[in-house]
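Text of the file query.cif, holding mmCIF, C-alpha atoms:
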data_run
#
loop_
_atom_site.label_atom_id
_atom_site.label_comp_id
_atom_site.auth_asym_id
_atom_site.auth_seq_id
_atom_site.Cartn_x
_atom_site.Cartn_y
_atom_site.Cartn_z
CA MET U 1 0.04 -0.96 1.03
CA ARG U 2 -1.91 1.39 2.10
CA ILE U 3 -1.55 -1.06 3.04
CA ALA U 4 -4.03 0.12 7.44
CA LYS U 5 -1.78 -2.33 5.61
CA TRP U 6 -1.64 -6.08 5.41
CA GLY U 7 0.93 -6.12 8.21
CA ALA U 8 -1.84 -5.64 10.74
CA LEU U 9 -2.72 -9.31 10.32
CA VAL U 10 0.71 -10.77 10.77
CA GLY U 11 0.52 -10.50 14.53
CA VAL U 12 3.84 -8.77 14.95
CA ALA U 13 4.53 -7.72 18.47
CA ALA U 14 5.41 -4.09 18.10
CA VAL U 15 9.03 -3.62 18.89
CA SER U 16 8.35 -0.59 20.96
CA SER U 17 11.89 0.43 20.49
CA LEU U 18 11.03 1.38 17.00
CA ALA U 19 11.61 4.28 19.33
CA LEU U 20 14.21 4.87 16.74
CA THR U 21 17.28 4.98 18.83
CA GLY U 22 20.52 4.16 17.34
CA CYS U 23 20.49 6.34 14.60
CA SER U 24 21.64 9.55 13.21
CA ASN U 25 23.97 10.25 16.09
CA ALA U 26 26.36 7.60 14.83
CA ASP U 27 25.21 4.41 16.43
CA ALA U 28 28.54 2.91 15.55
CA GLU U 29 30.94 0.94 17.62
CA GLY U 30 33.75 3.14 16.48
CA GLY U 31 31.77 6.29 15.76
CA SER U 32 33.20 8.54 13.10
CA GLY U 33 36.69 7.64 14.17
CA GLY U 34 36.62 4.11 12.76
CA GLY U 35 35.35 0.66 13.56
CA ASP U 36 32.07 -0.93 12.64
CA VAL U 37 29.20 1.30 11.58
CA THR U 38 25.77 0.14 12.69
CA LEU U 39 22.89 1.40 10.60
CA SER U 40 19.43 1.30 12.15
CA PHE U 41 16.63 0.43 9.72
CA ALA U 42 13.07 1.12 10.88
CA GLN U 43 10.46 -0.79 8.86
CA TRP U 44 7.38 -3.00 9.07
CA TRP U 45 8.59 -5.45 6.39
CA GLN U 46 10.46 -8.07 8.39
CA PRO U 47 7.58 -10.40 9.36
CA GLU U 48 5.95 -10.18 5.95
CA ALA U 49 9.18 -11.09 4.15
CA ASN U 50 9.13 -14.59 5.65
CA GLY U 51 12.75 -14.57 6.85
CA GLN U 52 14.17 -12.96 3.71
CA MET U 53 15.09 -9.67 5.39
CA GLU U 54 17.37 -11.49 7.83
CA LYS U 55 18.97 -13.39 4.95
CA LEU U 56 19.58 -10.22 2.98
CA VAL U 57 21.07 -8.45 6.00
CA ASP U 58 23.46 -11.35 6.56
CA GLU U 59 24.42 -11.32 2.88
CA PHE U 60 24.99 -7.57 2.90
CA GLU U 61 27.10 -7.64 6.06
CA GLU U 62 29.25 -10.44 4.65
CA ALA U 63 29.85 -8.43 1.48
CA ASN U 64 30.44 -5.18 3.38
CA PRO U 65 32.69 -5.82 6.39
CA GLY U 66 32.43 -3.00 8.89
CA ILE U 67 28.77 -2.17 8.19
CA LYS U 68 26.08 -3.70 10.38
CA ILE U 69 22.33 -3.43 9.88
CA GLU U 70 20.02 -3.32 12.89
CA LEU U 71 16.43 -4.11 11.91
CA GLN U 72 13.91 -2.18 14.00
CA THR U 73 10.51 -3.70 13.29
CA GLY U 74 7.09 -2.43 14.28
CA PRO U 75 3.56 -2.46 12.85
CA TYR U 76 2.89 -0.38 9.75
CA GLY U 77 0.36 1.76 11.57
CA ASP U 78 2.89 2.90 14.18
CA THR U 79 5.82 3.55 11.89
CA LYS U 80 4.91 7.01 10.62
CA ASP U 81 4.05 8.22 14.13
CA GLN U 82 7.42 6.99 15.34
CA LEU U 83 9.17 8.80 12.50
CA VAL U 84 7.39 12.06 13.29
CA ALA U 85 8.34 11.68 16.94
CA GLY U 86 11.91 10.81 15.98
CA ALA U 87 12.17 13.92 13.82
CA ALA U 88 11.15 16.08 16.77
CA SER U 89 13.56 14.43 19.20
CA GLY U 90 16.49 13.99 16.81
CA THR U 91 16.49 10.20 17.13
CA LEU U 92 15.76 9.08 13.60
CA PRO U 93 17.02 5.80 12.14
CA ASP U 94 19.57 5.92 9.34
CA LEU U 95 17.36 3.93 6.97
CA ILE U 96 13.61 4.43 6.85
CA GLY U 97 10.93 2.14 5.45
CA LEU U 98 8.39 4.40 3.77
CA ASP U 99 4.91 4.52 2.34
CA GLY U 100 4.91 6.92 -0.59
CA ASN U 101 1.97 8.82 0.88
CA TRP U 102 4.13 9.90 3.82
CA VAL U 103 6.96 11.35 1.76
CA TYR U 104 5.63 14.85 1.11
CA ASP U 105 4.97 15.57 4.77
CA LEU U 106 8.20 14.01 6.04
CA THR U 107 10.21 15.96 3.48
CA LYS U 108 8.61 19.20 4.62
CA GLN U 109 9.69 18.27 8.16
CA GLY U 110 13.27 17.99 6.93
CA VAL U 111 13.42 14.25 7.63
CA LEU U 112 14.40 12.75 4.27
CA ALA U 113 17.68 13.15 2.42
CA ASP U 114 17.84 13.73 -1.34
CA LEU U 115 18.86 10.29 -2.59
CA GLY U 116 20.19 11.82 -5.82
CA GLU U 117 22.76 13.75 -3.82
CA VAL U 118 23.54 10.90 -1.46
CA SER U 119 24.07 8.44 -4.30
CA GLY U 120 26.37 10.69 -6.27
CA GLY U 121 24.14 10.46 -9.32
CA SER U 122 23.53 6.70 -9.34
CA ASP U 123 21.62 5.28 -12.31
CA LEU U 124 19.16 3.80 -9.82
CA ILE U 125 17.66 7.25 -9.28
CA ASP U 126 16.42 7.23 -12.87
CA SER U 127 15.76 3.51 -13.33
CA ILE U 128 13.79 2.81 -10.13
CA GLU U 129 10.47 4.56 -9.58
CA GLY U 130 10.46 6.81 -6.57
CA VAL U 131 8.85 9.90 -5.06
CA GLU U 132 10.28 13.35 -5.73
CA VAL U 133 9.53 16.31 -3.50
CA ASP U 134 11.15 19.76 -3.62
CA GLY U 135 13.34 18.76 -6.55
CA GLY U 136 14.90 15.76 -4.81
CA THR U 137 14.23 12.01 -4.84
CA ARG U 138 13.22 11.24 -1.26
CA MET U 139 12.14 7.62 -1.64
CA LEU U 140 12.79 4.71 -3.97
CA ASN U 141 10.33 1.84 -4.28
CA VAL U 142 11.71 -1.56 -3.34
CA VAL U 143 8.79 -3.92 -3.95
CA TYR U 144 5.16 -3.46 -4.96
CA ALA U 145 1.84 -4.94 -3.95
CA THR U 146 -1.15 -4.44 -6.18
CA TYR U 147 -4.82 -4.52 -5.29
CA VAL U 148 -6.96 -7.20 -6.92
CA LEU U 149 -10.40 -8.74 -6.45
CA PHE U 150 -10.41 -11.73 -4.09
CA ALA U 151 -13.36 -14.06 -4.71
CA ASN U 152 -14.53 -17.06 -2.66
CA THR U 153 -14.94 -19.71 -5.35
CA ASP U 154 -17.23 -21.96 -3.28
CA ILE U 155 -19.68 -19.12 -2.64
CA LEU U 156 -19.61 -17.98 -6.27
CA ASP U 157 -20.08 -21.56 -7.51
CA ALA U 158 -23.07 -21.99 -5.20
CA ALA U 159 -24.53 -18.80 -6.70
CA GLY U 160 -23.84 -20.01 -10.24
CA VAL U 161 -21.66 -17.05 -11.21
CA GLU U 162 -18.11 -16.46 -12.41
CA VAL U 163 -15.59 -13.96 -11.06
CA PRO U 164 -16.97 -10.62 -12.33
CA THR U 165 -14.90 -8.40 -14.60
CA THR U 166 -17.25 -5.42 -15.08
CA TRP U 167 -19.50 -3.31 -12.86
CA ASP U 168 -22.68 -4.89 -14.27
CA GLU U 169 -21.27 -8.39 -13.83
CA PHE U 170 -20.29 -7.57 -10.26
CA ALA U 171 -23.76 -6.30 -9.37
CA GLU U 172 -25.35 -9.41 -10.89
CA ALA U 173 -22.90 -11.69 -9.06
CA ALA U 174 -23.53 -9.86 -5.78
CA ARG U 175 -27.29 -10.28 -6.13
CA ALA U 176 -26.86 -13.98 -6.93
CA VAL U 177 -24.64 -14.47 -3.87
CA LYS U 178 -27.19 -12.73 -1.64
CA ALA U 179 -29.96 -14.91 -3.02
CA SER U 180 -28.09 -18.20 -2.60
CA SER U 181 -26.24 -17.41 0.66
CA PRO U 182 -28.33 -14.89 2.66
CA ASP U 183 -25.92 -14.91 5.60
CA VAL U 184 -22.95 -13.94 3.38
CA SER U 185 -22.12 -10.35 2.46
CA PRO U 186 -21.24 -10.08 -1.24
CA LEU U 187 -18.71 -7.25 -0.66
CA ALA U 188 -16.95 -5.57 2.28
CA LEU U 189 -15.72 -1.97 2.21
CA PRO U 190 -13.48 -0.76 5.07
CA LEU U 191 -14.27 2.94 5.28
CA SER U 192 -13.32 3.76 8.87
CA LEU U 193 -11.95 7.22 9.56
CA GLU U 194 -9.45 5.57 11.90
CA SER U 195 -7.53 4.16 8.95
CA PRO U 196 -8.62 6.11 5.88
CA VAL U 197 -6.66 4.23 3.21
CA GLY U 198 -9.81 2.22 2.48
CA ILE U 199 -11.03 5.06 0.29
CA LYS U 200 -7.97 4.63 -1.92
CA ASN U 201 -7.62 0.87 -1.94
CA ASP U 202 -11.24 -0.25 -1.93
CA VAL U 203 -13.11 2.55 -3.70
CA LEU U 204 -10.80 4.65 -5.85
CA SER U 205 -9.14 1.47 -7.14
CA TRP U 206 -12.36 0.89 -9.14
CA TYR U 207 -12.22 4.46 -10.47
CA TRP U 208 -8.57 4.21 -11.51
CA ALA U 209 -9.14 0.76 -13.04
CA SER U 210 -11.24 2.44 -15.76
CA GLU U 211 -8.64 5.19 -16.23
CA GLY U 212 -10.40 7.70 -14.00
CA SER U 213 -8.22 10.54 -12.71
CA PHE U 214 -8.74 13.35 -10.21
CA ARG U 215 -5.28 14.90 -10.48
CA ASP U 216 -5.20 18.42 -11.86
CA GLY U 217 -1.61 19.60 -12.15
CA GLU U 218 -0.26 20.00 -8.63
CA GLY U 219 -3.76 19.73 -7.19
CA ALA U 220 -6.92 17.69 -7.58
CA ASP U 221 -10.38 17.96 -9.14
CA LEU U 222 -12.87 15.69 -7.38
CA GLU U 223 -15.89 17.09 -9.21
CA ASP U 224 -15.63 14.45 -11.89
CA ASP U 225 -18.64 12.72 -13.49
CA ASP U 226 -16.88 9.35 -13.58
CA LEU U 227 -16.11 9.49 -9.86
CA ALA U 228 -19.68 10.53 -9.05
CA GLU U 229 -20.93 7.63 -11.18
CA LEU U 230 -18.81 5.16 -9.20
CA LEU U 231 -20.03 6.49 -5.84
CA ASP U 232 -23.64 6.30 -7.03
CA TYR U 233 -22.93 2.70 -8.08
CA PHE U 234 -21.66 1.79 -4.60
CA ALA U 235 -24.59 3.63 -3.00
CA GLY U 236 -26.91 1.47 -5.07
CA LEU U 237 -25.16 -1.72 -3.98
CA ASN U 238 -25.38 -0.62 -0.36
CA LYS U 239 -29.08 0.21 -0.67
CA GLU U 240 -29.69 -3.35 -1.93
CA GLY U 241 -27.87 -4.78 1.08
CA LEU U 242 -24.99 -6.07 -1.05
CA ILE U 243 -22.23 -4.41 1.04
CA ALA U 244 -21.37 -5.71 4.50
CA PRO U 245 -22.95 -3.63 7.28
CA GLY U 246 -20.80 -1.41 9.47
CA LEU U 247 -18.58 -0.06 6.69
CA ALA U 248 -18.04 3.22 8.57
CA ASN U 249 -16.32 1.32 11.38
CA MET U 250 -14.61 -1.39 9.34
CA LEU U 251 -10.81 -1.53 9.13
CA GLU U 252 -8.78 -3.34 6.51
CA GLN U 253 -7.98 -6.20 8.87
CA ASP U 254 -11.70 -6.61 9.60
CA LYS U 255 -12.39 -6.92 5.89
CA VAL U 256 -9.73 -9.56 5.42
CA GLU U 257 -10.83 -11.50 8.50
CA SER U 258 -14.40 -11.46 7.19
CA PHE U 259 -13.28 -12.88 3.84
CA ALA U 260 -10.93 -15.44 5.39
CA SER U 261 -13.75 -16.79 7.56
CA GLY U 262 -16.22 -17.09 4.68
CA GLN U 263 -18.52 -14.30 5.86
CA THR U 264 -17.84 -12.17 2.78
CA ALA U 265 -17.76 -13.40 -0.82
CA MET U 266 -15.56 -10.76 -2.44
CA ILE U 267 -13.12 -8.05 -1.36
CA VAL U 268 -10.50 -5.85 -2.96
CA SER U 269 -7.20 -6.47 -1.20
CA ALA U 270 -3.43 -6.43 -1.51
CA THR U 271 -1.48 -9.30 -2.98
CA PRO U 272 0.37 -10.21 0.28
CA HIS U 273 -3.03 -11.24 1.62
CA VAL U 274 -2.80 -14.24 -0.70
CA ASN U 275 -0.37 -15.70 1.83
CA VAL U 276 -2.21 -14.44 4.90
CA ILE U 277 -5.53 -15.93 3.80
CA GLY U 278 -4.01 -19.03 2.23
CA GLU U 279 -2.25 -19.96 5.45
CA ARG U 280 -5.61 -20.09 7.22
CA ASP U 281 -6.75 -22.82 4.81
CA GLN U 282 -10.36 -21.91 5.62
CA VAL U 283 -11.66 -20.81 2.23
CA ASN U 284 -11.07 -21.60 -1.41
CA PHE U 285 -10.48 -18.43 -3.36
CA THR U 286 -9.10 -16.96 -6.55
CA VAL U 287 -8.11 -13.47 -7.63
CA GLY U 288 -9.09 -11.35 -10.60
CA ALA U 289 -8.70 -7.82 -11.90
CA ILE U 290 -10.76 -5.09 -10.27
CA PRO U 291 -13.97 -4.73 -12.32
CA THR U 292 -14.08 -1.94 -14.88
CA LYS U 293 -16.95 0.02 -16.42
CA ASP U 294 -18.79 -2.06 -18.99
CA ASP U 295 -17.75 0.08 -21.95
CA PHE U 296 -14.10 0.33 -20.89
CA SER U 297 -11.46 -0.71 -23.44
CA GLY U 298 -8.26 1.03 -22.30
CA THR U 299 -5.33 0.02 -20.11
CA PRO U 300 -6.63 -0.65 -16.60
CA GLY U 301 -5.10 1.29 -13.75
CA ALA U 302 -3.45 -0.95 -11.15
CA THR U 303 -3.72 0.53 -7.66
CA TYR U 304 -0.62 -0.30 -5.70
CA ALA U 305 1.18 0.11 -2.44
CA SER U 306 4.90 -0.29 -2.06
CA TRP U 307 7.65 -0.77 0.40
CA GLY U 308 9.78 2.29 -0.17
CA ILE U 309 13.09 3.22 1.37
CA GLY U 310 14.70 6.52 2.29
CA ILE U 311 17.66 7.80 4.25
CA ALA U 312 17.39 10.20 7.17
CA ASP U 313 18.81 13.60 6.36
CA SER U 314 20.28 13.66 9.88
CA SER U 315 22.17 10.39 9.46
CA ASP U 316 25.92 10.52 9.97
CA HIS U 317 26.31 7.49 7.72
CA LYS U 318 24.53 8.35 4.49
CA GLU U 319 27.22 6.79 2.29
CA GLU U 320 26.99 3.44 4.07
CA ALA U 321 23.18 3.66 4.10
CA TRP U 322 23.15 4.18 0.34
CA LYS U 323 25.21 1.00 -0.09
CA PHE U 324 22.41 -0.93 1.58
CA VAL U 325 19.78 0.75 -0.62
CA GLU U 326 21.78 -0.25 -3.72
CA PHE U 327 22.06 -3.77 -2.38
CA LEU U 328 18.30 -4.17 -1.81
CA LEU U 329 17.62 -2.91 -5.32
CA GLY U 330 20.08 -5.27 -6.99
CA ALA U 331 18.27 -7.58 -9.41
CA GLU U 332 18.98 -10.81 -7.51
CA GLN U 333 18.21 -9.42 -4.06
CA ASN U 334 15.17 -7.49 -5.23
CA GLY U 335 13.71 -10.55 -6.90
CA ALA U 336 14.33 -12.69 -3.81
CA LEU U 337 12.64 -10.17 -1.50
CA ALA U 338 9.65 -9.83 -3.83
CA THR U 339 9.26 -13.61 -4.02
CA ALA U 340 9.40 -14.09 -0.27
CA ALA U 341 6.83 -11.35 0.37
CA ASN U 342 4.54 -12.33 -2.53
CA MET U 343 5.13 -8.90 -4.02
CA PHE U 344 6.65 -7.58 -7.23
CA PRO U 345 10.16 -6.15 -7.73
CA ALA U 346 10.88 -2.48 -8.42
CA ASN U 347 14.02 -3.33 -10.39
CA GLY U 348 12.94 -3.90 -13.99
CA ASP U 349 15.67 -6.51 -14.45
CA ALA U 350 14.44 -8.55 -11.48
CA SER U 351 11.75 -11.21 -11.58
CA PRO U 352 10.03 -13.03 -8.77
CA ASP U 353 10.47 -16.80 -8.75
CA GLU U 354 7.00 -17.83 -9.89
CA SER U 355 7.72 -21.47 -9.04
CA ALA U 356 7.97 -20.43 -5.39
CA MET U 357 4.84 -18.25 -5.43
CA ALA U 358 1.26 -19.21 -4.66
CA GLU U 359 -0.92 -19.74 -7.73
CA ASN U 360 -3.01 -16.68 -6.87
CA SER U 361 0.12 -14.57 -6.56
CA VAL U 362 1.17 -15.59 -10.07
CA LYS U 363 -2.30 -14.58 -11.32
CA ALA U 364 -1.96 -11.24 -9.54
CA PHE U 365 1.48 -10.70 -11.10
CA GLU U 366 -0.06 -11.10 -14.57
CA ILE U 367 -2.76 -8.57 -13.68
CA TRP U 368 -0.05 -6.19 -12.45
CA LYS U 369 1.96 -6.50 -15.66
CA GLN U 370 -1.10 -5.77 -17.83
CA GLY U 371 -2.06 -2.62 -15.93
CA ALA U 372 -0.70 0.88 -15.41
CA PRO U 373 0.47 1.53 -11.81
CA VAL U 374 -1.48 4.34 -10.17
CA ASP U 375 -1.69 6.11 -6.82
CA GLU U 376 -2.81 9.69 -7.32
CA PHE U 377 -2.14 10.66 -3.72
CA LEU U 378 1.61 10.58 -4.29
CA GLY U 379 2.99 14.10 -4.32
CA LEU U 380 -0.04 15.59 -2.57
CA PRO U 381 0.34 17.03 0.92
CA ALA U 382 -1.37 15.50 3.95
CA ALA U 383 -2.48 12.42 2.01
CA GLU U 384 -4.13 10.79 5.02
CA GLN U 385 -6.05 13.97 5.80
CA LEU U 386 -7.26 14.14 2.19
CA GLN U 387 -8.39 10.52 2.37
CA ARG U 388 -10.16 11.06 5.67
CA THR U 389 -11.97 14.14 4.35
CA LEU U 390 -13.16 12.23 1.29
CA ILE U 391 -14.30 9.26 3.39
CA GLU U 392 -16.50 11.55 5.48
CA GLN U 393 -18.42 12.50 2.34
CA VAL U 394 -18.42 8.99 0.88
CA GLN U 395 -19.90 7.54 4.06
CA GLN U 396 -22.86 9.93 3.68
CA ILE U 397 -23.21 9.16 -0.03
CA LEU U 398 -23.25 5.40 0.52
CA ALA U 399 -25.75 5.80 3.36
CA GLY U 400 -28.05 7.66 0.97
CA ASP U 401 -27.82 10.87 2.97
CA GLU U 402 -26.11 12.90 0.25
CA ASP U 403 -25.98 13.03 -3.52
CA ALA U 404 -22.61 11.97 -4.99
CA ALA U 405 -22.07 15.19 -6.93
CA ALA U 406 -22.89 17.33 -3.90
CA GLY U 407 -20.65 15.27 -1.65
CA LEU U 408 -17.72 15.55 -4.03
CA SER U 409 -18.26 19.30 -4.28
CA SER U 410 -18.08 19.57 -0.48
CA ALA U 411 -14.95 17.43 -0.40
CA GLN U 412 -13.37 19.61 -3.08
CA VAL U 413 -13.72 22.72 -0.93
CA GLU U 414 -11.90 21.01 1.93
CA TRP U 415 -9.24 19.55 -0.37
CA ASP U 416 -8.52 22.97 -1.82
CA ASP U 417 -7.89 24.29 1.68
CA ILE U 418 -5.62 21.37 2.59
CA ILE U 419 -3.62 21.36 -0.66
CA GLY U 420 -3.31 25.14 -0.75
CA GLY U 421 -2.63 25.48 2.91
#

Please express the file's structure as structure tokens.
Amino acid sequence: MRIAKWGALVGVAAVSSLALTGCSNADAEGGSGGGDVTLSFAQWWQPEANGQMEKLVDEFEEANPGIKIELQTGPYGDTKDQLVAGAASGTLPDLIGLDGNWVYDLTKQGVLADLGEVSGGSDLIDSIEGVEVDGGTRMLNVVYATYVLFANTDILDAAGVEVPTTWDEFAEAARAVKASSPDVSPLALPLSLESPVGIKNDVLSWYWASEGSFRDGEGADLEDDDLAELLDYFAGLNKEGLIAPGLANMLEQDKVESFASGQTAMIVSATPHVNVIGERDQVNFTVGAIPTKDDFSGTPGATYASWGIGIADSSDHKEEAWKFVEFLLGAEQNGALATAANMFPANGDASPDESAMAENSVKAFEIWKQGAPVDEFLGLPAAEQLQRTLIEQVQQILAGDEDAAAGLSSAQVEWDDIIGG
């Protein structure tokens, strides 16, 4: 996620005590001398898992007498800040819900344990995709969300168009929507500097869908003709008035609200929004793959976000914490969590219960299985800073104030400083 993430719409009251107490200093009734061990688990997942987290905690505690799990839940947007503060004050939780884009920086702060060492060489380290920094696995994915095209079927039907699958089809559909429903924006792009993940989820997802890549070894090369072509394409759409106004101030939750209320015909968004929007029962919609270039014939890249998990390096209860990680990644438990959250399991032997999923979630799962997972920010330092720097240039490009190639060249200079610095 990436997801500003979808959790911003769930209306969770921030448990301000994500203050991350209870943690590495043995928040245990018996301490190191015996008795129950209480593991604190800071995450934003609980409300989005529709009661499944509580069920899994109960199941784990029943199977592991003497180990208790304390869920500390707060909004996605606050979680990283709380972790950084906890690292400075020595009050980290034992278990940490993670976005993969945070892992590099948190590892450099000495926050995250090497799960390979903690697990004693568990097969999960090799079988579950994770994030490796400084030669150690610092995070394992638990469940995935992929980004797909959400389309308001009533608006598209009124315009006489189908869900677009290519760039040309999308431009034609957007023009038809504008002609038939002048008060509706064909597309919304959240490109606020306040929450810069919009550049990854809503723009680069189109680039990766056609197998574009900016990674260059340990660094990045933004001066790519395919990326410049995409930005010129979006600049053209914006010039025609086919992108919702105010993109420089729009957050992900604004985009989703706009779609859910029928003000926007199409958005790129994460699969958990199938539930969020569906529960409103305000619009009829379907999902499709992110459009690709018209001559594309390869395997589409599937932009994703994940709920990842790590263990604090300062925890006094790493062994017990690893037991909970193993439990969450068990095939049965992993499939149940994915189903409840309308996401996809990280364990290759697990499957979501499609009979319990919304129809659009099943469609999204098929799109996910046909694509190649991609997030090229993983493993790069200061991922949010890189995204924010790129957004600054993209805002100017889409406004027509800068040529795409020149903007990418300027961004490259700043990226080189950040990555090398």

Discussion item. I'd like the neighbourhood of region 257-265 of chain U as a list in words, where a residue qualifies if any of its atoms comes within 6 Å (using only C-alpha atoms), though same-chain residues fewer than 3 positions away should be ignored.
Written reply: Ala151, Asn152, Val184, Ser185, Pro186, Asp254 and Ile277 of chain U

Item to complete: Starting from the shown file, work through the PyMOL selection byres ((chain U and resi 84) around 12) and note down what comes out as a VMD selection string.
Response: chain U and resid 18 to 20 78 to 83 85 to 93 96 102 to 103 105 to 112 312

Worksheet item: If the PyMOL selection byres ((chain U and resi 173) around 9) is run on the structure shown, which residues does it catch, given as a list in words?
Response: Leu156, Ala159, Gly160, Val161, Glu162, Val163, Pro164, Asp168, Glu169, Phe170, Ala171, Glu172, Ala174, Arg175, Ala176, Val177, Lys178 and Pro186 of chain U

Discussion item. Neighbouring residues of Val197 (chain U) were defined as those with any atom within 12 Å, considering all atoms listed in the file; residues of the same chain fewer than 6 positions away were excluded. Please report them as JSON, numbers by chain.
Written reply: {"U": [1, 2, 3, 4, 5, 6, 77, 99, 101, 189, 190, 191, 203, 204, 205, 250, 251, 252, 253, 269, 303, 304, 305, 375, 377, 383, 384, 385, 386, 387, 388, 389, 390, 391]}

Item to complete: Determine the residue set returned by the PyMOL selection byres ((chain U and resi 73) around 6) for the present structure, and present it as a PyMOL selection string.
Response: chain U and resi 15+42-44+72+74

Practice prompt. Mind giving me the straight-line distance from CA of Ile155 (chain U) to CA of Asp183 (chain U) in Å, one decimal?
Written response: 11.2 Å

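For the choices U:Pro381, U:Gly308, U:Gly241, U:Pro272, the atom-to-atom distance to Ala346 (chain U) is smallest for U:Gly308 when using only C-alpha atoms.
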
Worksheet entry | Close residues, Ala209 (chain U) itself excluded, 8 Å, all atoms listed in the file, min 6 positions apart in chain, as number ranges by chain | U: 290-292, 300-303

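Distance-wise, CA of Ser306 (chain U) and CA of Glu319 (chain U) end up 23.8 Å apart.
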
Worksheet item: If we count all atoms listed in the file, what is near Gln46 (chain U) at a cut-off of 10 Å, once residues fewer than 6 positions away on the same chain are taken out, given as a list of chain:residue names?
Response: U:Gly7, U:Val12, U:Gln52, U:Met53, U:Glu54, U:Leu71, U:Gln72, U:Thr73, U:Gly74, U:Pro75, U:Ala341

Selected residues written out, C-alpha atoms, as a PDB file, in the coordinates of the input:
ATOM      1  CA  GLY U   7       0.930  -6.120   8.210  1.00  0.00           C
ATOM      2  CA  VAL U  12       3.840  -8.770  14.950  1.00  0.00           C
ATOM      3  CA  GLN U  52      14.170 -12.960   3.710  1.00  0.00           C
ATOM      4  CA  MET U  53      15.090  -9.670   5.390  1.00  0.00           C
ATOM      5  CA  GLU U  54      17.370 -11.490   7.830  1.00  0.00           C
ATOM      6  CA  LEU U  71      16.430  -4.110  11.910  1.00  0.00           C
ATOM      7  CA  GLN U  72      13.910  -2.180  14.000  1.00  0.00           C
ATOM      8  CA  THR U  73      10.510  -3.700  13.290  1.00  0.00           C
ATOM      9  CA  GLY U  74       7.090  -2.430  14.280  1.00  0.00           C
ATOM     10  CA  PRO U  75       3.560  -2.460  12.850  1.00  0.00           C
ATOM     11  CA  ALA U 341       6.830 -11.350   0.370  1.00  0.00           C
TER      12      ALA U 341
END

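Between CA of Val148 (chain U) and CA of Gly371 (chain U) the interatomic distance comes to 11.2 Å.
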
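Here the question is which of U:Ala113, U:Ala158, U:Leu242, U:Leu39 gets nearest to Gly136 (chain U) using all atoms listed in the file, and that residue is U:Ala113.
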
Would you mind putting back N, CA and C atoms on region 314-327 of chain U, then writing it out as a PDB file, in the frame of the given file?
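Dumped to rebuild.pdb:
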ATOM      1  N   SER U 314      19.419  13.438   8.720  1.00  0.00           N
ATOM      2  CA  SER U 314      20.280  13.660   9.880  1.00  0.00           C
ATOM      3  C   SER U 314      21.294  12.541  10.086  1.00  0.00           C
ATOM      4  N   SER U 315      21.258  11.507   9.260  1.00  0.00           N
ATOM      5  CA  SER U 315      22.170  10.390   9.460  1.00  0.00           C
ATOM      6  C   SER U 315      23.625  10.808   9.259  1.00  0.00           C
ATOM      7  N   ASP U 316      24.486  10.294  10.125  1.00  0.00           N
ATOM      8  CA  ASP U 316      25.920  10.520   9.970  1.00  0.00           C
ATOM      9  C   ASP U 316      26.564   9.512   9.032  1.00  0.00           C
ATOM     10  N   HIS U 317      25.761   8.582   8.519  1.00  0.00           N
ATOM     11  CA  HIS U 317      26.310   7.490   7.720  1.00  0.00           C
ATOM     12  C   HIS U 317      25.527   7.306   6.415  1.00  0.00           C
ATOM     13  N   LYS U 318      25.319   8.411   5.721  1.00  0.00           N
ATOM     14  CA  LYS U 318      24.530   8.350   4.490  1.00  0.00           C
ATOM     15  C   LYS U 318      25.208   7.487   3.427  1.00  0.00           C
ATOM     16  N   GLU U 319      26.511   7.563   3.311  1.00  0.00           N
ATOM     17  CA  GLU U 319      27.220   6.790   2.290  1.00  0.00           C
ATOM     18  C   GLU U 319      27.028   5.294   2.514  1.00  0.00           C
ATOM     19  N   GLU U 320      27.177   4.858   3.763  1.00  0.00           N
ATOM     20  CA  GLU U 320      26.990   3.440   4.070  1.00  0.00           C
ATOM     21  C   GLU U 320      25.523   3.040   3.890  1.00  0.00           C
ATOM     22  N   ALA U 321      24.608   3.944   4.260  1.00  0.00           N
ATOM     23  CA  ALA U 321      23.180   3.660   4.100  1.00  0.00           C
ATOM     24  C   ALA U 321      22.836   3.478   2.621  1.00  0.00           C
ATOM     25  N   TRP U 322      23.428   4.309   1.770  1.00  0.00           N
ATOM     26  CA  TRP U 322      23.150   4.180   0.340  1.00  0.00           C
ATOM     27  C   TRP U 322      23.637   2.827  -0.194  1.00  0.00           C
ATOM     28  N   LYS U 323      24.736   2.323   0.334  1.00  0.00           N
ATOM     29  CA  LYS U 323      25.210   1.000  -0.090  1.00  0.00           C
ATOM     30  C   LYS U 323      24.143  -0.068   0.156  1.00  0.00           C
ATOM     31  N   PHE U 324      23.453   0.050   1.284  1.00  0.00           N
ATOM     32  CA  PHE U 324      22.410  -0.930   1.580  1.00  0.00           C
ATOM     33  C   PHE U 324      21.216  -0.751   0.646  1.00  0.00           C
ATOM     34  N   VAL U 325      20.861   0.501   0.328  1.00  0.00           N
ATOM     35  CA  VAL U 325      19.780   0.750  -0.620  1.00  0.00           C
ATOM     36  C   VAL U 325      20.114   0.117  -1.975  1.00  0.00           C
ATOM     37  N   GLU U 326      21.339   0.357  -2.447  1.00  0.00           N
ATOM     38  CA  GLU U 326      21.780  -0.250  -3.720  1.00  0.00           C
ATOM     39  C   GLU U 326      21.691  -1.765  -3.664  1.00  0.00           C
ATOM     40  N   PHE U 327      22.083  -2.325  -2.535  1.00  0.00           N
ATOM     41  CA  PHE U 327      22.060  -3.770  -2.380  1.00  0.00           C
ATOM     42  C   PHE U 327      20.635  -4.315  -2.494  1.00  0.00           C
TER      43      PHE U 327
END
